[in-house]
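Student: The structure follows.
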Amino acid sequence: MTRPLTRKGEQTRARIVIGAAAEVREHGVDEVRLEDVMARSGVSKGQLFHYFPEGKEGLLLAVARQEADQVLADQEPMLSNLTSWPAWEAWRASVIARYHAQGVQCPLNGLLGQAGRRAPAARAVVTDLLERWQARIAAGIRHMQSSGEMRPEVDATRAASALLAGLQGGVVMMLSTGRIDHLEAALDLAISGLRVATAQPGPGPLPGAVPSGQAVLSGQAATQR
């Protein structure tokens with residue numbers, strides 16, 4: 001059984017991860033060298049391997065977990081407060097701002113792409129991130145249903161899954177093209193589709209809403225009957 005780290009041990013381990021993350025951001029995954037991480041974080045080889053006995057592989061996975069946590073942290077407090085249509089708009093704006101600032105450089109994508117070819121643990125990082133992300137979006141949908149702003153027959157889990165899939169597709173296209181308009185369109189249409197399912201008269205759909213959004217939600221509702 002692994003012994004829990006002391007407070008000093010936790011601080012040392014965190015310093016190593018932060019140093020490795022900085023190396024990834026500056027030089028890319030393939031160019032990360034343990035010697036550079038040690039120099040940046042001020043630790044010895046013995047210390048590094050004490051906290052990361054798997055070496056570079058284990059260290060990069062730790063960095064990936066930190067980056068995954070940061071993806072969600074950057075969306076707070078909006079992501080955990082999807083309780084009104086203005087709140088949804090604020091969250092949408094935070095997502096666009098985050099990826100616009102990030103640009104085409106995505107440390108998490110590089111880390112998981114590199115480790116994923118060799119370590120099943122990398123898939124666990126992705127799965128955990130997406131599950132937590134989807135759960136918070138679904139919680140927002142359920143809140144809107146409980147407050148009467150969205151019809152109860154909308155499947156919150158499926159709707160959140162579809163929204164997240166569109167968001168991730170927009171991110172992939174941004175990384176490929178350098179353009180963020182695909183991500184903007186995916187979020188706008190997804191939120192417009194949810195507004196179509198509003199239970200009470202309220203704000204109209206966002207610009208760009210199309211009938212297919214209604215069809216998607218109707219199909220989801222049909223699965224519940």
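Chain labels A, B, ... are given in the sequence in which chains occur in the structure tokens; within each chain residues are numbered consecutively from 1, and ligands are likewise numbered from 1 in the order shown.
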Can you build me a table of stretch 30-91 of chain A residues sitting at most 9 Å from stretch 130-139 of chain A, with the closest atom pair per residue and its distance in Å to one decimal, using only C-alpha atoms, sorted by chain and residue number, as a Markdown table?

Tutor:
| residue | atom | partner | partner_atom | distance |
| --- | --- | --- | --- | --- |
| A:Leu72 | CA | A:Trp133 | CA | 7.0 |
| A:Leu79 | CA | A:Arg136 | CA | 6.6 |
| A:Ser80 | CA | A:Arg136 | CA | 6.1 |
| A:Asn81 | CA | A:Arg136 | CA | 8.8 |
| A:Leu82 | CA | A:Ile137 | CA | 7.5 |

Student: Can you write out the residues you just picked, keeping C-alpha atoms, as an mmCIF file, in the first residue's frame?

Tutor:
data_model
loop_
_atom_site.group_PDB
_atom_site.id
_atom_site.type_symbol
_atom_site.label_atom_id
_atom_site.label_comp_id
_atom_site.auth_asym_id
_atom_site.auth_seq_id
_atom_site.Cartn_x
_atom_site.Cartn_y
_atom_site.Cartn_z
ATOM 1 C CA LEU A 72 -12.528 22.475 -16.063
ATOM 2 C CA LEU A 79 -19.705 25.635 -15.565
ATOM 3 C CA SER A 80 -21.097 24.773 -12.123
ATOM 4 C CA ASN A 81 -23.689 27.555 -12.255
ATOM 5 C CA LEU A 82 -25.734 26.847 -15.399
#

Student: Counting only C-alpha atoms, what is within 6 Å of A:Thr198, bar same-chain residues fewer than 2 positions away, as a PyMOL selection string?

Tutor: chain A and resi 149-151+195-196+200

Student: Could you pull out the alpha helix (DSSP H) residues of stretch 65-187 of chain A from DSSP and send them as a ChimeraX atom specification?

Tutor: /A:65-73,85-102,107-116,120-146,156-177,181-187

Student: Write out as a ChimeraX atom specification which residues come within 6 Å of stretch 36-51 of chain A when counting only C-alpha atoms, dropping same-chain ones fewer than 6 positions away.

Tutor: /A:15-16,19-20

Student: Can you write just those residues out, C-alpha atoms, as a JSON list (two decimals), in the first residue's frame?

Tutor:
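File selection-v3.json, as written:
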[["chain", "number", "residue", "atom", "x", "y", "z"],
["A", 15, "ARG", "CA", 6.87, 21.39, -8.08],
["A", 16, "ILE", "CA", 8.11, 18.60, -10.33],
["A", 19, "GLY", "CA", 8.21, 22.13, -13.97],
["A", 20, "ALA", "CA", 7.37, 19.34, -16.39]]

Student: Hey, which of A:Met78, A:Leu60, A:Leu194, A:Ala68 ends up closest to A:Val154? Count only C-alpha atoms.

Tutor: A:Leu194

Student: To one decimal place, how far is atom CA of A:Val63 from atom CA of A:Gln102 in Å?

Tutor: 16.8 Å
